>>> print(open('structure_11.txt').read())   # compact mmCIF, C-alpha atoms
# COMPACT_ATOMS: atom_id res chain seq x y z
CA MET L 874 -5.66 -3.63 10.03
CA THR L 875 -5.25 -5.03 13.48
CA GLU L 876 -5.11 -3.33 16.85
CA THR L 877 -3.44 -4.92 19.84
CA THR L 878 -2.73 -2.20 22.39
CA GLU L 879 -5.60 0.25 22.47
CA PRO L 880 -5.06 3.94 23.20
CA SER L 881 -8.44 4.87 24.66
CA THR L 882 -11.60 3.53 26.21
CA ALA L 883 -14.37 5.21 24.23
CA SER L 884 -17.45 3.13 23.39
CA ALA L 885 -19.64 2.98 20.31
CA GLU L 886 -22.53 5.41 20.12
CA PRO L 887 -25.95 4.44 18.78
CA SER L 888 -27.26 5.62 15.44
CA GLY L 889 -28.37 9.23 15.41
CA THR L 890 -25.92 10.61 17.99
CA ASP L 891 -23.00 12.95 17.42
CA PRO L 892 -20.03 10.91 18.65
CA ASP L 893 -17.80 13.91 19.29
CA ALA L 894 -20.53 15.80 21.15
CA THR L 895 -21.24 12.70 23.22
CA ALA L 896 -17.57 12.41 24.14
CA ALA L 897 -17.51 16.00 25.35
CA GLU L 898 -20.54 15.32 27.53
CA GLN L 899 -19.01 12.13 28.95
CA HIS L 900 -15.72 13.76 29.83
CA GLY L 901 -17.28 17.08 30.85
CA THR L 902 -14.91 18.94 28.58
CA ASP L 903 -13.38 19.06 25.12
CA PRO L 904 -9.70 18.85 24.14
CA ALA L 905 -9.30 22.64 24.13
CA SER L 906 -10.60 23.17 27.65
CA THR L 907 -8.71 20.13 28.90
CA PHE L 908 -5.56 21.50 27.30
CA THR L 909 -5.98 24.85 29.02
CA GLU L 910 -6.61 23.23 32.40
CA LEU L 911 -3.53 21.04 32.05
CA TYR L 912 -1.02 23.36 30.47
CA GLY L 913 -2.24 26.83 31.43
CA THR L 914 -2.51 28.26 27.91
CA GLU L 915 -4.74 28.02 24.88
CA PRO L 916 -3.73 25.37 22.30
CA ASP L 917 -2.38 26.43 18.94
CA GLY L 918 -5.12 24.40 17.27
CA ILE L 919 -7.53 21.45 17.33
CA TRP L 920 -7.32 18.54 14.90
CA ALA L 921 -9.43 15.42 14.29
CA ALA L 922 -8.84 12.06 12.58
CA PRO L 923 -11.47 9.34 12.19
CA GLY L 924 -11.60 5.64 12.82
CA ARG L 925 -12.58 3.47 9.90
CA VAL L 926 -14.59 0.43 9.02
CA ASN L 927 -13.51 -1.82 6.18
CA LEU L 928 -16.23 -2.83 3.76
CA ILE L 929 -14.11 -5.54 2.13
CA GLY L 930 -10.42 -6.37 1.79
CA GLU L 931 -9.13 -7.98 4.99
CA TYR L 932 -5.54 -9.12 5.54
CA THR L 933 -4.67 -7.87 2.05
CA ASP L 934 -2.87 -4.63 2.86
CA PHE L 935 0.42 -6.19 3.98
CA ASN L 936 0.27 -8.33 0.83
CA ASP L 937 0.33 -5.23 -1.42
CA GLY L 938 -3.33 -5.88 -2.18
CA PHE L 939 -6.58 -3.94 -2.42
CA VAL L 940 -8.88 -2.60 0.31
CA LEU L 941 -12.14 -0.66 0.50
CA PRO L 942 -12.52 1.16 3.83
CA LEU L 943 -14.59 4.19 4.76
CA ALA L 944 -14.06 6.70 7.53
CA LEU L 945 -16.49 6.80 10.46
CA PRO L 946 -17.87 9.88 12.19
CA HIS L 947 -16.08 8.74 15.36
CA THR L 948 -12.78 10.58 15.77
CA ALA L 949 -9.67 11.04 17.83
CA ARG L 950 -9.28 14.75 18.56
CA ALA L 951 -6.14 16.55 19.66
CA ALA L 952 -5.53 20.01 21.10
CA VAL L 953 -1.88 20.73 20.41
CA SER L 954 0.71 23.45 20.86
CA ARG L 955 4.22 23.50 19.51
CA ARG L 956 7.20 23.36 21.86
CA ASP L 957 10.80 24.18 20.96
CA ASP L 958 12.54 22.88 24.08
CA GLY L 959 12.68 19.15 23.29
CA VAL L 960 9.79 18.17 25.58
CA LEU L 961 6.72 16.15 24.58
CA ARG L 962 3.80 16.21 27.00
CA LEU L 963 0.84 13.89 26.38
CA TYR L 964 -2.54 13.50 28.04
CA SER L 965 -5.60 11.42 27.13
CA SER L 966 -9.03 11.96 28.64
CA ASP L 967 -9.78 8.31 27.89
CA VAL L 968 -6.95 6.70 29.84
CA PRO L 969 -6.47 6.81 33.63
CA GLY L 970 -3.41 8.71 34.75
CA GLY L 971 -1.96 12.13 34.33
CA VAL L 972 0.32 13.85 31.87
CA VAL L 973 3.12 11.78 30.35
CA SER L 974 6.27 13.84 29.85
CA LEU L 975 9.05 12.65 27.53
CA ARG L 976 12.26 14.03 26.06
CA VAL L 977 12.09 13.92 22.27
CA ASP L 978 15.81 13.23 21.91
CA GLU L 979 15.45 10.19 24.17
CA LEU L 980 12.52 8.58 22.35
CA ALA L 981 13.27 4.99 21.37
CA PRO L 982 11.10 1.93 20.71
CA HIS L 983 10.47 -0.04 23.89
CA PRO L 984 7.39 -1.59 25.53
CA GLY L 985 7.17 0.83 28.44
CA HIS L 986 5.31 3.70 26.81
CA GLY L 987 1.78 2.20 26.99
CA TRP L 988 -0.90 4.24 25.21
CA ALA L 989 1.53 7.14 24.81
CA ALA L 990 3.56 5.05 22.34
CA TYR L 991 1.13 5.96 19.56
CA PRO L 992 1.58 9.75 19.57
CA ALA L 993 5.18 9.53 20.79
CA GLY L 994 5.95 7.07 18.01
CA VAL L 995 4.67 9.55 15.43
CA LEU L 996 6.99 12.28 16.68
CA TRP L 997 9.85 9.75 16.73
CA ALA L 998 9.06 8.66 13.16
CA LEU L 999 9.01 12.25 11.93
CA ARG L 1000 12.38 12.94 13.52
CA GLU L 1001 13.80 9.69 12.15
CA ALA L 1002 12.75 10.91 8.69
CA GLY L 1003 14.73 14.10 9.24
CA HIS L 1004 11.92 16.50 10.11
CA PRO L 1005 12.79 19.14 12.75
CA VAL L 1006 10.05 18.43 15.30
CA THR L 1007 11.16 19.82 18.65
CA GLY L 1008 8.31 18.94 21.00
CA ALA L 1009 4.64 19.55 21.71
CA ASP L 1010 1.94 19.70 24.34
CA ILE L 1011 -0.96 17.43 23.38
CA ALA L 1012 -4.36 16.75 24.94
CA LEU L 1013 -6.35 13.92 23.36
CA THR L 1014 -9.81 12.44 23.48
CA SER L 1015 -11.49 9.83 21.27
CA THR L 1016 -14.90 8.50 20.38
CA VAL L 1017 -13.48 5.66 18.26
CA PRO L 1018 -14.52 2.40 19.94
CA THR L 1019 -11.46 0.52 21.18
CA GLY L 1020 -10.92 -3.20 20.75
CA ALA L 1021 -13.56 -3.07 18.02
CA GLY L 1022 -11.37 -3.37 14.93
CA LEU L 1023 -12.20 0.23 13.97
CA SER L 1024 -8.65 1.62 14.05
CA SER L 1025 -8.60 3.70 17.19
CA SER L 1026 -4.80 3.48 17.15
CA ALA L 1027 -4.51 4.72 13.55
CA ALA L 1028 -6.81 7.65 14.34
CA LEU L 1029 -4.54 8.62 17.22
CA GLU L 1030 -1.44 8.36 15.05
CA VAL L 1031 -2.89 10.33 12.15
CA VAL L 1032 -4.31 13.16 14.27
CA THR L 1033 -0.90 13.56 15.90
CA ALA L 1034 0.90 13.50 12.56
CA LEU L 1035 -1.47 16.08 11.05
CA ALA L 1036 -1.12 18.45 14.00
CA LEU L 1037 2.68 18.26 13.98
CA ASN L 1038 2.72 18.62 10.20
CA ASP L 1039 0.78 21.88 10.49
CA LEU L 1040 2.57 23.30 13.52
CA PHE L 1041 6.05 22.66 12.16
CA ASP L 1042 5.20 23.55 8.55
CA LEU L 1043 6.47 20.20 7.28
CA GLY L 1044 4.35 20.26 4.11
CA LEU L 1045 3.72 16.52 4.09
CA PRO L 1046 0.79 15.23 1.99
CA ALA L 1047 -1.91 13.10 3.56
CA ALA L 1048 -0.46 9.82 2.27
CA GLU L 1049 2.92 10.62 3.84
CA LEU L 1050 1.22 11.28 7.17
CA ALA L 1051 -0.34 7.83 6.88
CA VAL L 1052 3.07 6.29 6.15
CA THR L 1053 4.45 8.06 9.22
CA GLY L 1054 1.65 6.62 11.35
CA ARG L 1055 2.32 3.13 10.06
CA ARG L 1056 6.02 3.46 10.82
CA ALA L 1057 5.17 4.54 14.35
CA GLU L 1058 2.97 1.49 14.82
CA ASN L 1059 5.36 -0.95 13.12
CA ASP L 1060 8.69 0.21 14.48
CA PHE L 1061 7.89 2.09 17.69
CA VAL L 1062 4.81 0.34 19.04
CA GLY L 1063 5.81 -3.01 17.53
CA VAL L 1064 2.61 -3.99 15.70
CA PRO L 1065 3.27 -5.34 12.15
CA CYS L 1066 0.19 -3.71 10.60
CA GLY L 1067 -0.28 -2.73 6.98
CA ILE L 1068 -1.09 0.74 5.68
CA MET L 1069 -4.87 0.57 5.28
CA ASP L 1070 -5.93 1.98 8.64
CA GLN L 1071 -3.71 5.04 8.49
CA MET L 1072 -4.55 5.74 4.84
CA ALA L 1073 -8.27 5.53 5.57
CA SER L 1074 -7.99 7.91 8.51
CA ALA L 1075 -5.86 10.37 6.56
CA CYS L 1076 -7.39 10.22 3.08
CA CYS L 1077 -11.08 9.24 3.15
CA THR L 1078 -13.66 11.79 2.04
CA GLU L 1079 -17.25 12.28 3.14
CA GLY L 1080 -19.79 10.17 1.26
CA HIS L 1081 -17.18 7.85 -0.26
CA ALA L 1082 -15.36 4.59 0.29
CA LEU L 1083 -11.63 4.52 -0.40
CA HIS L 1084 -10.45 2.12 -3.10
CA LEU L 1085 -6.79 1.80 -2.18
CA ASP L 1086 -3.98 -0.06 -3.88
CA THR L 1087 -1.64 -0.67 -0.96
CA ARG L 1088 1.35 -1.34 -3.23
CA ASP L 1089 1.71 2.15 -4.71
CA LEU L 1090 -0.87 3.95 -2.51
CA SER L 1091 -2.88 5.01 -5.53
CA LEU L 1092 -6.46 5.63 -4.51
CA ARG L 1093 -9.89 6.43 -5.81
CA GLN L 1094 -12.80 7.90 -3.92
CA VAL L 1095 -15.80 5.69 -4.71
CA PRO L 1096 -19.27 7.24 -4.12
CA PHE L 1097 -20.96 5.37 -1.29
CA ASP L 1098 -24.40 6.88 -0.80
CA LEU L 1099 -26.42 3.97 0.56
CA ALA L 1100 -29.28 6.15 1.79
CA SER L 1101 -30.16 7.17 -1.77
CA GLN L 1102 -30.69 3.48 -2.52
CA GLY L 1103 -32.66 2.75 0.63
CA LEU L 1104 -29.79 0.86 2.25
CA THR L 1105 -27.85 1.04 5.51
CA LEU L 1106 -24.50 -0.37 6.56
CA LEU L 1107 -24.56 -1.29 10.24
CA VAL L 1108 -21.48 -1.71 12.39
CA VAL L 1109 -21.95 -4.25 15.17
CA ASP L 1110 -19.33 -3.99 17.91
CA THR L 1111 -19.32 -7.31 19.75
CA ARG L 1112 -17.46 -5.64 22.64
CA VAL L 1113 -15.20 -8.67 22.96
CA LYS L 1114 -11.52 -9.16 22.23
CA HIS L 1115 -10.22 -12.68 22.67
CA ALA L 1116 -6.67 -13.31 23.88
CA LEU L 1117 -6.30 -15.77 21.00
CA GLY L 1118 -5.82 -12.73 18.80
CA ASP L 1119 -2.52 -11.85 20.50
CA GLY L 1120 0.19 -12.69 18.00
CA ALA L 1121 -2.23 -14.30 15.56
CA TYR L 1122 -2.01 -11.36 13.17
CA ALA L 1123 1.76 -11.79 12.91
CA GLU L 1124 1.29 -15.53 12.36
CA ARG L 1125 -1.06 -14.92 9.43
CA ARG L 1126 1.35 -12.39 7.98
CA ALA L 1127 4.18 -14.91 8.22
CA GLY L 1128 1.98 -17.52 6.52
CA CYS L 1129 1.29 -15.15 3.64
CA GLU L 1130 4.98 -14.36 3.24
CA GLU L 1131 5.85 -18.07 3.23
CA GLY L 1132 3.20 -18.73 0.58
CA ALA L 1133 4.63 -16.02 -1.66
CA ARG L 1134 8.16 -17.37 -1.15
CA LEU L 1135 7.17 -20.92 -2.08
CA LEU L 1136 5.37 -19.64 -5.18
CA GLY L 1137 8.35 -17.53 -6.22
CA ILE L 1138 6.46 -14.23 -6.31
CA PRO L 1139 7.20 -10.97 -4.48
CA MET L 1140 3.81 -10.78 -2.75
CA LEU L 1141 0.50 -12.64 -2.90
CA ARG L 1142 -0.86 -9.59 -4.75
CA ASP L 1143 1.13 -10.88 -7.74
CA LEU L 1144 -0.87 -14.13 -8.01
CA PRO L 1145 -3.85 -13.70 -10.38
CA TYR L 1146 -7.11 -15.20 -9.20
CA ALA L 1147 -7.27 -17.26 -12.41
CA ASN L 1148 -4.08 -19.02 -11.31
CA LEU L 1149 -5.16 -19.67 -7.74
CA ASP L 1150 -6.15 -23.33 -8.08
CA ALA L 1151 -2.90 -24.22 -9.81
CA ALA L 1152 -0.94 -22.34 -7.16
CA LEU L 1153 -2.68 -24.19 -4.35
CA THR L 1154 -1.79 -27.49 -6.02
CA THR L 1155 1.82 -26.34 -6.32
CA LEU L 1156 1.91 -25.51 -2.63
CA ALA L 1157 0.40 -28.86 -1.65
CA ASP L 1158 2.90 -30.72 -3.84
CA ALA L 1159 5.72 -28.77 -2.21
CA GLY L 1160 4.57 -29.92 1.22
CA ALA L 1161 3.46 -26.46 2.37
CA ASP L 1162 1.74 -26.30 5.72
CA GLU L 1163 -2.05 -26.29 5.48
CA SER L 1164 -2.19 -22.91 7.22
CA VAL L 1165 -0.01 -21.41 4.46
CA ILE L 1166 -2.29 -22.81 1.78
CA ARG L 1167 -5.32 -21.34 3.54
CA CYS L 1168 -3.64 -17.94 3.83
CA VAL L 1169 -2.94 -17.90 0.10
CA ARG L 1170 -6.49 -18.92 -0.76
CA HIS L 1171 -7.94 -16.19 1.44
CA VAL L 1172 -5.74 -13.32 0.27
CA VAL L 1173 -6.04 -14.01 -3.45
CA GLY L 1174 -9.78 -14.53 -3.12
CA GLU L 1175 -10.15 -11.41 -1.01
CA ASN L 1176 -8.42 -9.24 -3.59
CA ARG L 1177 -10.92 -10.53 -6.12
CA ARG L 1178 -13.80 -9.76 -3.76
CA VAL L 1179 -12.64 -6.15 -3.48
CA GLU L 1180 -12.68 -5.90 -7.27
CA GLN L 1181 -16.16 -7.44 -7.37
CA VAL L 1182 -17.57 -4.98 -4.83
CA ILE L 1183 -15.97 -2.03 -6.63
CA ALA L 1184 -17.59 -3.12 -9.88
CA LEU L 1185 -20.97 -3.41 -8.17
CA LEU L 1186 -20.66 0.03 -6.58
CA ASP L 1187 -19.65 1.55 -9.89
CA GLY L 1188 -22.59 -0.16 -11.57
CA GLY L 1189 -25.09 1.00 -8.96
CA ASP L 1190 -25.94 -2.54 -7.84
CA VAL L 1191 -24.95 -2.31 -4.19
CA ARG L 1192 -27.44 -4.94 -3.06
CA ALA L 1193 -25.55 -7.56 -5.05
CA ALA L 1194 -22.52 -6.93 -2.84
CA GLY L 1195 -24.27 -8.75 0.01
CA PRO L 1196 -23.27 -12.27 -1.07
CA VAL L 1197 -19.69 -11.08 -1.60
CA LEU L 1198 -19.58 -9.92 2.03
CA ASN L 1199 -20.89 -13.31 3.12
CA GLU L 1200 -18.22 -15.06 1.07
CA GLY L 1201 -15.58 -12.85 2.66
CA HIS L 1202 -16.75 -13.83 6.13
CA ARG L 1203 -16.62 -17.52 5.31
CA SER L 1204 -13.07 -17.12 4.08
CA LEU L 1205 -12.00 -15.23 7.20
CA ARG L 1206 -13.71 -17.84 9.36
CA ASP L 1207 -12.66 -21.03 7.57
CA ASP L 1208 -9.42 -20.20 5.75
CA LEU L 1209 -7.78 -17.50 7.83
CA ARG L 1210 -9.54 -18.67 11.03
CA VAL L 1211 -9.66 -15.24 12.63
CA SER L 1212 -13.36 -15.12 13.48
CA CYS L 1213 -14.92 -16.06 16.81
CA PRO L 1214 -18.34 -17.23 18.08
CA GLU L 1215 -19.58 -13.69 18.70
CA LEU L 1216 -18.71 -12.50 15.21
CA ASP L 1217 -20.23 -15.61 13.66
CA LEU L 1218 -23.38 -15.02 15.70
CA VAL L 1219 -23.71 -11.48 14.35
CA VAL L 1220 -23.55 -12.77 10.79
CA GLU L 1221 -25.94 -15.67 11.40
CA ALA L 1222 -28.53 -13.61 13.29
CA ALA L 1223 -28.39 -10.73 10.82
CA MET L 1224 -28.81 -12.98 7.80
CA ALA L 1225 -31.66 -14.86 9.44
CA ALA L 1226 -33.39 -11.52 10.06
CA GLY L 1227 -33.17 -10.49 6.41
CA ALA L 1228 -29.81 -8.75 5.99
CA LEU L 1229 -28.37 -8.62 2.48
CA GLY L 1230 -24.88 -9.56 3.62
CA ALA L 1231 -22.60 -9.50 6.65
CA ARG L 1232 -19.02 -10.20 7.62
CA MET L 1233 -16.50 -9.60 10.35
CA THR L 1234 -14.24 -6.60 9.78
CA GLY L 1235 -10.79 -5.83 11.12
CA GLY L 1236 -8.24 -8.19 12.59
CA GLY L 1237 -10.76 -10.57 14.15
CA PHE L 1238 -10.95 -12.66 17.35
CA GLY L 1239 -13.56 -10.15 18.49
CA GLY L 1240 -14.18 -6.60 17.40
CA SER L 1241 -16.85 -5.73 14.87
CA ALA L 1242 -18.89 -6.94 11.93
CA VAL L 1243 -20.55 -4.99 9.13
CA VAL L 1244 -24.10 -5.71 8.01
CA LEU L 1245 -25.58 -4.50 4.72
CA VAL L 1246 -29.33 -4.16 5.14
CA GLU L 1247 -32.37 -2.50 3.66
CA GLU L 1248 -32.90 0.75 5.53
CA ALA L 1249 -36.45 -0.22 6.42
CA ALA L 1250 -35.21 -3.46 7.98
CA ALA L 1251 -32.27 -1.99 9.92
CA GLY L 1252 -34.14 -1.83 13.22
CA THR L 1253 -35.42 -5.38 12.84
CA VAL L 1254 -31.95 -6.73 12.07
CA ALA L 1255 -30.35 -4.80 14.92
CA LYS L 1256 -32.97 -6.13 17.33
CA ALA L 1257 -32.45 -9.69 16.12
CA VAL L 1258 -28.69 -9.44 16.68
CA SER L 1259 -29.15 -7.98 20.16
CA GLU L 1260 -31.65 -10.69 21.08
CA ALA L 1261 -29.31 -13.39 19.79
CA PHE L 1262 -26.53 -12.02 21.98
CA ALA L 1263 -28.80 -11.94 25.01
CA ALA L 1264 -29.93 -15.52 24.38
CA ALA L 1265 -26.29 -16.64 24.16
CA GLY L 1266 -25.42 -14.88 27.41
CA HIS L 1267 -23.24 -12.23 25.76
CA ALA L 1268 -23.14 -8.57 26.73
CA ALA L 1269 -25.24 -6.31 24.52
CA PRO L 1270 -23.41 -5.33 21.33
CA GLY L 1271 -22.95 -1.74 20.21
CA ILE L 1272 -24.77 -1.09 16.93
CA PHE L 1273 -24.58 2.07 14.84
CA ASP L 1274 -24.77 3.24 11.23
CA ALA L 1275 -21.55 3.41 9.24
CA ILE L 1276 -21.80 6.91 7.78
CA PRO L 1277 -18.98 7.60 5.26
CA SER L 1278 -17.23 10.58 6.81
CA ALA L 1279 -14.34 12.96 6.25
CA GLY L 1280 -10.74 12.04 6.85
CA ALA L 1281 -8.26 13.90 9.04
CA ARG L 1282 -8.68 17.66 9.19
CA ARG L 1283 -7.96 20.74 11.25
CA LEU L 1284 -10.99 21.89 13.22
CA ARG L 1285 -9.60 25.26 14.36
>>> encode(input="structure_11.txt", output="structure tokens")
Amino acid sequence: MTETTEPSTASAEPSGTDPDATAAEQHGTDPASTFTELYGTEPDGIWAAPGRVNLIGEYTDFNDGFVLPLALPHTARAAVSRRDDGVLRLYSSDVPGGVVSLRVDELAPHPGHGWAAYPAGVLWALREAGHPVTGADIALTSTVPTGAGLSSSAALEVVTALALNDLFDLGLPAAELAVTGRRAENDFVGVPCGIMDQMASACCTEGHALHLDTRDLSLRQVPFDLASQGLTLLVVDTRVKHALGDGAYAERRAGCEEGARLLGIPMLRDLPYANLDAALTTLADAGADESVIRCVRHVVGENRRVEQVIALLDGGDVRAAGPVLNEGHRSLRDDLRVSCPELDLVVEAAMAAGALGARMTGGGFGGSAVVLVEEAAAGTVAKAVSEAFAAAGHAAPGIFDAIPSAGARRLR
């Protein structure tokens, strides 16, 4: 759910463009041709895995809670060939520098890998799980905006896991590939993220949002056809990432764990919303830190908001989800305190221009917001947000439609 070290430098593309085609134009090549130029042979295949945007359900995944993400058309793409000599060679068109060469039997978690930690960590995690992965040549490119809270790191992990799964005939299902990606990020890269980002990248389907129970990884594909109802979901990339976010994700996670401990429950998922007020009183009486109380209030309320939005989608009343998004933003801003002036400005400007609802998405302290808007008003709302940023002296935001897209897949 949060991204600290970003693996690429791709930027958001405006509505109506093909992100992958645009990437090829920007880099003057695609992964296959880059692979051939670098390694002198054709790749064994090309794979893609998308970034995601989360409609609702923030900071709930590491609490065994509920989330509702959807995959974006923006993808990380990998041209890959199998190696059997214990060598892993990595290259990214989006990061300065040449090929990174590593020995697979020497892979170990440490901070010196940089962007290469994401794909290298996947291979390490597969080997740690007992899978006979003996090396690979990999060329990568990505159109997933980085630093935007749209899971560029998870896309990189999942595309690597899928390619290795195919090339080494591991037979792992999509959910297990997601678990592998999370282990890479948790234990190799060192980011204590939950499972949502990797599951969204691996398991989403076109035209749907993913209702995921992060405790048992049960999922349901929820139809999410906004166009048929005259609606649009905009993603607004603020293009900022504040240093305040460094370590703040881990602090919130620790606060949630402390709240659950004081309440005597395994995870905050186990506290029913109906019991929230009583639980908050119990925490206050026990002398719990205010930040712990706020974490509990946010997570339990956010799980309820996911359930509310699911019910509205199932009932065909998507417009009524707008106020729930607004409530979610207030909780992230005031209880979890992970918003920032730029994100708040997106929400304020969008709502003033007639949006149905808006909230920050992702880990916060920068990144992106989602805006639910009538399709006919999308241009007006986007213009209002851009003008508000200009008036505040901020760089122009990136704004594009969130089109529910396919999860990870082999392209050829």
>>> residues_around(input="structure_11.txt", residues="Asp1060 in chain L", least_positions_apart="4", cutoff="8 Å", atoms="only C-alpha atoms", output="list in words")
Pro982, Arg1056 and Val1064 of chain L
>>> closest_residue(input="structure_11.txt", among="L:Asp1098, L:Glu1058, L:Glu910, L:Asp937", to="Ile1138 in chain L", atoms="all atoms listed in the file")
L:Asp937
>>> closest_residue(input="structure_11.txt", among="L:Ile1276, L:Val1109, L:Val1182, L:Val1172", to="Glu1215 in chain L", atoms="all atoms listed in the file")
L:Val1109
>>> atom_distance(input="structure_11.txt", atom1="CA of Glu1131 in chain L", atom2="CA of Ala1242 in chain L")
28.5 Å
>>> residues_around(input="structure_11.txt", residues="range 1229-1239 of chain L", least_positions_apart="6", cutoff="9 Å", atoms="only C-alpha atoms", output="number ranges by chain")
L: 874-876, 926-932, 1020-1024, 1110-1118, 1122, 1192-1203, 1205-1206, 1210-1217, 1219-1221, 1223, 1245-1247
>>> write_last_selection(input="structure_11.txt", atoms="C-alpha atoms", output="PDB file, in the frame of the given file")
ATOM      1  CA  MET L 874      -5.660  -3.630  10.030  1.00  0.00           C
ATOM      2  CA  THR L 875      -5.250  -5.030  13.480  1.00  0.00           C
ATOM      3  CA  GLU L 876      -5.110  -3.330  16.850  1.00  0.00           C
ATOM      4  CA  VAL L 926     -14.590   0.430   9.020  1.00  0.00           C
ATOM      5  CA  ASN L 927     -13.510  -1.820   6.180  1.00  0.00           C
ATOM      6  CA  LEU L 928     -16.230  -2.830   3.760  1.00  0.00           C
ATOM      7  CA  ILE L 929     -14.110  -5.540   2.130  1.00  0.00           C
ATOM      8  CA  GLY L 930     -10.420  -6.370   1.790  1.00  0.00           C
ATOM      9  CA  GLU L 931      -9.130  -7.980   4.990  1.00  0.00           C
ATOM     10  CA  TYR L 932      -5.540  -9.120   5.540  1.00  0.00           C
ATOM     11  CA  GLY L1020     -10.920  -3.200  20.750  1.00  0.00           C
ATOM     12  CA  ALA L1021     -13.560  -3.070  18.020  1.00  0.00           C
ATOM     13  CA  GLY L1022     -11.370  -3.370  14.930  1.00  0.00           C
ATOM     14  CA  LEU L1023     -12.200   0.230  13.970  1.00  0.00           C
ATOM     15  CA  SER L1024      -8.650   1.620  14.050  1.00  0.00           C
ATOM     16  CA  ASP L1110     -19.330  -3.990  17.910  1.00  0.00           C
ATOM     17  CA  THR L1111     -19.320  -7.310  19.750  1.00  0.00           C
ATOM     18  CA  ARG L1112     -17.460  -5.640  22.640  1.00  0.00           C
ATOM     19  CA  VAL L1113     -15.200  -8.670  22.960  1.00  0.00           C
ATOM     20  CA  LYS L1114     -11.520  -9.160  22.230  1.00  0.00           C
ATOM     21  CA  HIS L1115     -10.220 -12.680  22.670  1.00  0.00           C
ATOM     22  CA  ALA L1116      -6.670 -13.310  23.880  1.00  0.00           C
ATOM     23  CA  LEU L1117      -6.300 -15.770  21.000  1.00  0.00           C
ATOM     24  CA  GLY L1118      -5.820 -12.730  18.800  1.00  0.00           C
ATOM     25  CA  TYR L1122      -2.010 -11.360  13.170  1.00  0.00           C
ATOM     26  CA  ARG L1192     -27.440  -4.940  -3.060  1.00  0.00           C
ATOM     27  CA  ALA L1193     -25.550  -7.560  -5.050  1.00  0.00           C
ATOM     28  CA  ALA L1194     -22.520  -6.930  -2.840  1.00  0.00           C
ATOM     29  CA  GLY L1195     -24.270  -8.750   0.010  1.00  0.00           C
ATOM     30  CA  PRO L1196     -23.270 -12.270  -1.070  1.00  0.00           C
ATOM     31  CA  VAL L1197     -19.690 -11.080  -1.600  1.00  0.00           C
ATOM     32  CA  LEU L1198     -19.580  -9.920   2.030  1.00  0.00           C
ATOM     33  CA  ASN L1199     -20.890 -13.310   3.120  1.00  0.00           C
ATOM     34  CA  GLU L1200     -18.220 -15.060   1.070  1.00  0.00           C
ATOM     35  CA  GLY L1201     -15.580 -12.850   2.660  1.00  0.00           C
ATOM     36  CA  HIS L1202     -16.750 -13.830   6.130  1.00  0.00           C
ATOM     37  CA  ARG L1203     -16.620 -17.520   5.310  1.00  0.00           C
ATOM     38  CA  LEU L1205     -12.000 -15.230   7.200  1.00  0.00           C
ATOM     39  CA  ARG L1206     -13.710 -17.840   9.360  1.00  0.00           C
ATOM     40  CA  ARG L1210      -9.540 -18.670  11.030  1.00  0.00           C
ATOM     41  CA  VAL L1211      -9.660 -15.240  12.630  1.00  0.00           C
ATOM     42  CA  SER L1212     -13.360 -15.120  13.480  1.00  0.00           C
ATOM     43  CA  CYS L1213     -14.920 -16.060  16.810  1.00  0.00           C
ATOM     44  CA  PRO L1214     -18.340 -17.230  18.080  1.00  0.00           C
ATOM     45  CA  GLU L1215     -19.580 -13.690  18.700  1.00  0.00           C
ATOM     46  CA  LEU L1216     -18.710 -12.500  15.210  1.00  0.00           C
ATOM     47  CA  ASP L1217     -20.230 -15.610  13.660  1.00  0.00           C
ATOM     48  CA  VAL L1219     -23.710 -11.480  14.350  1.00  0.00           C
ATOM     49  CA  VAL L1220     -23.550 -12.770  10.790  1.00  0.00           C
ATOM     50  CA  GLU L1221     -25.940 -15.670  11.400  1.00  0.00           C
ATOM     51  CA  ALA L1223     -28.390 -10.730  10.820  1.00  0.00           C
ATOM     52  CA  LEU L1245     -25.580  -4.500   4.720  1.00  0.00           C
ATOM     53  CA  VAL L1246     -29.330  -4.160   5.140  1.00  0.00           C
ATOM     54  CA  GLU L1247     -32.370  -2.500   3.660  1.00  0.00           C
TER      55      GLU L1247
END
>>> axis_aligned_box(input="structure_11.txt", around="range 956-959 of chain L", padding_each_side="8 Å", output="lines of an AutoDock Vina configuration file")
center_x = 9.9
center_y = 21.7
center_z = 22.5
size_x = 21.5
size_y = 21.0
size_z = 19.1
>>> residues_around(input="structure_11.txt", residues="Glu915 in chain L", least_positions_apart="6", cutoff="10 Å", atoms="only C-alpha atoms", output="list of chain:residue names")
L:Ala905, L:Ser906, L:Thr907, L:Phe908, L:Thr909, L:Ala952, L:Val953, L:Ser954
>>> closest_residue(input="structure_11.txt", among="L:His1081, L:Arg1093, L:His986, L:Arg1088", to="Ile1068 in chain L", atoms="only C-alpha atoms")
L:Arg1088
>>> closest_residue(input="structure_11.txt", among="L:Ala1222, L:Gly1240, L:Leu1135, L:Ala1048", to="Thr1253 in chain L", atoms="only C-alpha atoms")
L:Ala1222
>>> residues_around(input="structure_11.txt", residues="Asp1162 in chain L", least_positions_apart="4", cutoff="12 Å", atoms="all atoms listed in the file", output="JSON, numbers by chain")
{"L": [1127, 1128, 1129, 1131, 1132, 1135, 1153, 1156, 1157, 1158, 1166, 1167, 1168, 1169]}
>>> atom_distance(input="structure_11.txt", atom1="CA of Gly987 in chain L", atom2="CA of Val1052 in chain L")
21.3 Å
>>> residues_around(input="structure_11.txt", residues="His1004 in chain L", least_positions_apart="6", cutoff="10 Å", atoms="all atoms listed in the file", output="ChimeraX atom specification")
/L:996-998,1038,1041-1043
